[in-house]
Amino acid sequence: MNNNENLSAEMFSRFCELVYDKAGIHLGPQKEALVASRMGKRMRALGIGRYEEYYRLVKDDKDGDELVEMLNAISTNVTYFFREEHHFQLLTELLQQWHGGGQRSYRIWCAASSTGEEPYTIAMTARAAIPDVSDFKILATDISTRALDVAKAGRYEPRHLEKVPESMTRRFFRKEPADAANRSYVVNDELRRMLSFARLNLARPPYPMKGPFDIVFCRNVMIYFDNKVRKGLLDEIWRLLKPGGILMVGHAESLSGMLGNFRSVKPSVYIK
Ligand SMILES: C[S@@+](CC[C@H](N)C(=O)[O-])C[C@H]1O[C@@H](n2cnc3c(N)ncnc32)[C@H](O)[C@@H]1O
């Protein structure tokens, strides 16, 4: 069935409320066209012609499966390996410092891991920083099951690896198929073993983890939240970090007035 209906201003604002209520995501008016086209596609897949009908389906959906599908359709999962590289230089310094002080076990949480480039970058950086590391665990979470599936598969096209140093590509990825021109790169077991994946909605504290984590990466997701959701998230990160633990956020994220007892170390880096 074709979806010929236009998304009315009223219906758009009801979807905005629903998305905020369920996921804390604040959709501005500039998202109207995106919402209309992405949801329209999902509705066509379901054979639903009217936005009102789709709205009801998501709102009344008891097990939350269609909510996940809707968020998959409208969320922006843009990410890449070694994004905001200075965080990974700092990660190297911190790990070497802690390792030098005798620490042998590390816990890191990547709070909006999207399609996996960020947690795999953390894993590669850790391996390169402390070669004999054995007890190193990275928890990678996201609200989007579609993004998590890509992350779990760990399979990337060559153009996605442009920012990965050649030596790391050789060490941590295998080519599949080995000889084809259009090959993809698949993360090897050495990296994969360091990661675990889970779906987590950051807008619904408290989270089920106990911590403590040495470092939390929570980058380029708070931009979608309003201050109330950000505050709930930052309080949870505070609870889950060890004393002296580090929080890294995206450079475009302004947290002024919400940081509580976090101290700023440098732009976009905070310490508990
Ligand atoms: C722009 S990507 C950022 C990915 C990565 N952290 C980076 O900096 O490259 C934002 C991610 O946040 C996720 N996200 C949005 N709302 C969320 C929520 N309420 N809970 C958990 N993850 C959420 C999206 O699914 C998406 O994968």
# chains A, B, ... in the order shown; residues from 1 in each chain; ligands from 1
$ residues_around --residues "Ile48 in chain A" --least-positions-apart "2" --cutoff "12 Å" --atoms "only C-alpha atoms" --output "list in words"
Met1, Asn2, Asn3, Asn4, Glu5, Met39, Gly40, Lys41, Arg42, Met43, Arg44, Ala45, Leu46, Arg50, Tyr51, Glu52, Glu53, Tyr54, Tyr55, Arg56 and Leu57 of chain A
$ residues_near_ligand --ligand "ligand 1" --cutoff "6 Å" --atoms "only C-alpha atoms and all ligand atoms" --output "MDAnalysis selection string"
chainID A and resid 23:25 75:80 112:114 118 142:144 200:203 219:221
$ select_by_dssp --residues "range 63-143 of chain A" --states "strand (DSSP E)" --output "list of chain:residue names"
A:Ser105, A:Tyr106, A:Arg107, A:Ile108, A:Trp109, A:Cys110, A:Asp135, A:Phe136, A:Lys137, A:Ile138, A:Leu139, A:Ala140, A:Thr141, A:Asp142
$ write_last_selection --atoms "C-alpha atoms" --output "PDB file, in the first residue's frame"
ATOM      1  CA  SER A 105      41.776  -4.769  35.285  1.00  0.00           C
ATOM      2  CA  TYR A 106      39.814  -2.179  33.342  1.00  0.00           C
ATOM      3  CA  ARG A 107      36.122  -1.484  32.770  1.00  0.00           C
ATOM      4  CA  ILE A 108      34.938   0.971  30.154  1.00  0.00           C
ATOM      5  CA  TRP A 109      31.392   1.897  29.168  1.00  0.00           C
ATOM      6  CA  CYS A 110      30.593   3.259  25.739  1.00  0.00           C
ATOM      7  CA  ASP A 135      41.286  -8.217  31.943  1.00  0.00           C
ATOM      8  CA  PHE A 136      39.835  -5.432  29.816  1.00  0.00           C
ATOM      9  CA  LYS A 137      36.083  -5.204  29.301  1.00  0.00           C
ATOM     10  CA  ILE A 138      34.137  -2.683  27.258  1.00  0.00           C
ATOM     11  CA  LEU A 139      30.375  -2.489  27.619  1.00  0.00           C
ATOM     12  CA  ALA A 140      28.828  -1.002  24.471  1.00  0.00           C
ATOM     13  CA  THR A 141      25.185   0.097  24.694  1.00  0.00           C
ATOM     14  CA  ASP A 142      22.719   1.844  22.410  1.00  0.00           C
TER      15      ASP A 142
END
$ closest_atom_pairs --of "range 54-99 of chain A" --to "range 149-171 of chain A" --cutoff "9 Å" --atoms "only C-alpha atoms" --output "Markdown table"
| residue | atom | partner | partner_atom | distance |
| --- | --- | --- | --- | --- |
| A:Tyr80 | CA | A:His160 | CA | 6.9 |
| A:Phe81 | CA | A:Lys163 | CA | 6.2 |
| A:Phe82 | CA | A:Lys163 | CA | 6.4 |
| A:Arg83 | CA | A:Lys163 | CA | 8.5 |
$ closest_residue --among "A:Leu255, A:Lys210, A:Val186, A:Asp60" --to "Phe225 in chain A" --atoms "only C-alpha atoms"
A:Leu255
$ select_by_dssp --residues "range 55-165 of chain A" --states "alpha helix (DSSP H)" --output "number ranges by chain"
A: 55-59, 65-74, 86-100, 117-129, 145-153
$ closest_residue --among "A:His99, A:His251, A:Arg239, A:His87" --to "Tyr207 in chain A" --atoms "only C-alpha atoms"
A:Arg239
$ closest_residue --among "A:Ile215, A:Ala73, A:Gly64, A:Asn188" --to "Leu95 in chain A" --atoms "only C-alpha atoms"
A:Ile215
$ closest_residue --among "A:Gln30, A:Thr145, A:Met258, A:Lys242" --to "Asp65 in chain A" --atoms "only C-alpha atoms"
A:Thr145
$ closest_residue --among "A:Leu7, A:Thr125, A:Met209, A:Lys59" --to "His86 in chain A" --atoms "only C-alpha atoms"
A:Thr125
$ residues_around --residues "Lys175 in chain A" --least-positions-apart "5" --cutoff "8 Å" --atoms "only C-alpha atoms" --output "PDB file with N, CA and C atoms, in the first residue's frame"
ATOM      1  N   ARG A 183      35.833  -6.068  -1.017  1.00  0.00           N
ATOM      2  CA  ARG A 183      35.866  -6.834   0.218  1.00  0.00           C
ATOM      3  C   ARG A 183      35.402  -5.990   1.389  1.00  0.00           C
ATOM      4  N   SER A 184      35.053  -6.661   2.484  1.00  0.00           N
ATOM      5  CA  SER A 184      34.829  -5.920   3.727  1.00  0.00           C
ATOM      6  C   SER A 184      35.861  -6.356   4.755  1.00  0.00           C
ATOM      7  N   TYR A 185      35.935  -5.583   5.817  1.00  0.00           N
ATOM      8  CA  TYR A 185      36.880  -5.853   6.885  1.00  0.00           C
ATOM      9  C   TYR A 185      36.100  -6.276   8.124  1.00  0.00           C
ATOM     10  N   VAL A 186      36.515  -7.377   8.719  1.00  0.00           N
ATOM     11  CA  VAL A 186      35.792  -7.917   9.874  1.00  0.00           C
ATOM     12  C   VAL A 186      36.724  -7.905  11.081  1.00  0.00           C
TER      13      VAL A 186
END
$ residues_around --residues "Gln96 in chain A" --least-positions-apart "3" --cutoff "7 Å" --atoms "only C-alpha atoms" --output "list in words"
Thr92, Glu93, His99, Gly100, Ala129 and Ile130 of chain A
$ write_last_selection --atoms "N, CA and C atoms" --output "CSV table (one decimal), in the first residue's frame"
chain,number,residue,atom,x,y,z
A,92,THR,N,45.1,6.5,25.8
A,92,THR,CA,46.4,5.9,25.9
A,92,THR,C,47.2,6.3,27.1
A,93,GLU,N,47.2,7.7,27.3
A,93,GLU,CA,47.9,8.2,28.5
A,93,GLU,C,47.4,7.7,29.8
A,99,HIS,N,48.3,1.6,34.4
A,99,HIS,CA,49.1,0.3,34.3
A,99,HIS,C,50.4,0.5,35.0
A,100,GLY,N,51.0,1.6,34.9
A,100,GLY,CA,52.3,1.9,35.6
A,100,GLY,C,52.1,1.8,37.1
A,129,ALA,N,48.0,0.4,23.7
A,129,ALA,CA,48.6,1.1,24.8
A,129,ALA,C,49.3,0.2,25.8
A,130,ILE,N,48.6,-0.9,26.1
A,130,ILE,CA,49.1,-1.9,27.1
A,130,ILE,C,49.0,-3.3,26.5
$ atom_distance --atom1 "CA of Glu17 in chain A" --atom2 "CA of Ser256 in chain A"
25.3 Å
$ closest_residue --among "A:Glu84, A:Glu176, A:Glu236, A:Glu10" --to "Pro208 in chain A" --atoms "only C-alpha atoms"
A:Glu236
$ decode --residues "range 134-166 of chain A" --atoms "C-alpha atoms" --output "mmCIF file, in the first residue's frame"
data_model
loop_
_atom_site.group_PDB
_atom_site.id
_atom_site.type_symbol
_atom_site.label_atom_id
_atom_site.label_comp_id
_atom_site.auth_asym_id
_atom_site.auth_seq_id
_atom_site.Cartn_x
_atom_site.Cartn_y
_atom_site.Cartn_z
ATOM 1 C CA SER A 134 44.127 -9.345 29.672
ATOM 2 C CA ASP A 135 41.286 -8.217 31.943
ATOM 3 C CA PHE A 136 39.835 -5.432 29.816
ATOM 4 C CA LYS A 137 36.083 -5.204 29.301
ATOM 5 C CA ILE A 138 34.137 -2.683 27.258
ATOM 6 C CA LEU A 139 30.375 -2.489 27.619
ATOM 7 C CA ALA A 140 28.828 -1.002 24.471
ATOM 8 C CA THR A 141 25.185 0.097 24.694
ATOM 9 C CA ASP A 142 22.719 1.844 22.410
ATOM 10 C CA ILE A 143 18.971 2.227 22.105
ATOM 11 C CA SER A 144 18.992 1.141 18.463
ATOM 12 C CA THR A 145 18.860 -2.602 17.894
ATOM 13 C CA ARG A 146 19.715 -2.047 14.233
ATOM 14 C CA ALA A 147 22.915 -0.203 15.178
ATOM 15 C CA LEU A 148 23.775 -2.880 17.762
ATOM 16 C CA ASP A 149 23.359 -5.635 15.155
ATOM 17 C CA VAL A 150 25.882 -3.904 12.878
ATOM 18 C CA ALA A 151 28.238 -3.451 15.837
ATOM 19 C CA LYS A 152 27.988 -7.117 16.818
ATOM 20 C CA ALA A 153 28.682 -8.228 13.259
ATOM 21 C CA GLY A 154 31.821 -6.028 13.259
ATOM 22 C CA ARG A 155 31.908 -5.910 9.464
ATOM 23 C CA TYR A 156 32.864 -2.662 7.731
ATOM 24 C CA GLU A 157 33.441 -1.467 4.193
ATOM 25 C CA PRO A 158 36.969 -0.321 3.334
ATOM 26 C CA ARG A 159 35.931 3.353 3.180
ATOM 27 C CA HIS A 160 34.900 3.161 6.853
ATOM 28 C CA LEU A 161 38.434 2.291 7.830
ATOM 29 C CA GLU A 162 40.033 5.389 6.349
ATOM 30 C CA LYS A 163 40.962 6.807 9.751
ATOM 31 C CA VAL A 164 42.288 3.527 11.131
ATOM 32 C CA PRO A 165 46.093 3.401 10.970
ATOM 33 C CA GLU A 166 47.292 0.802 8.460
#
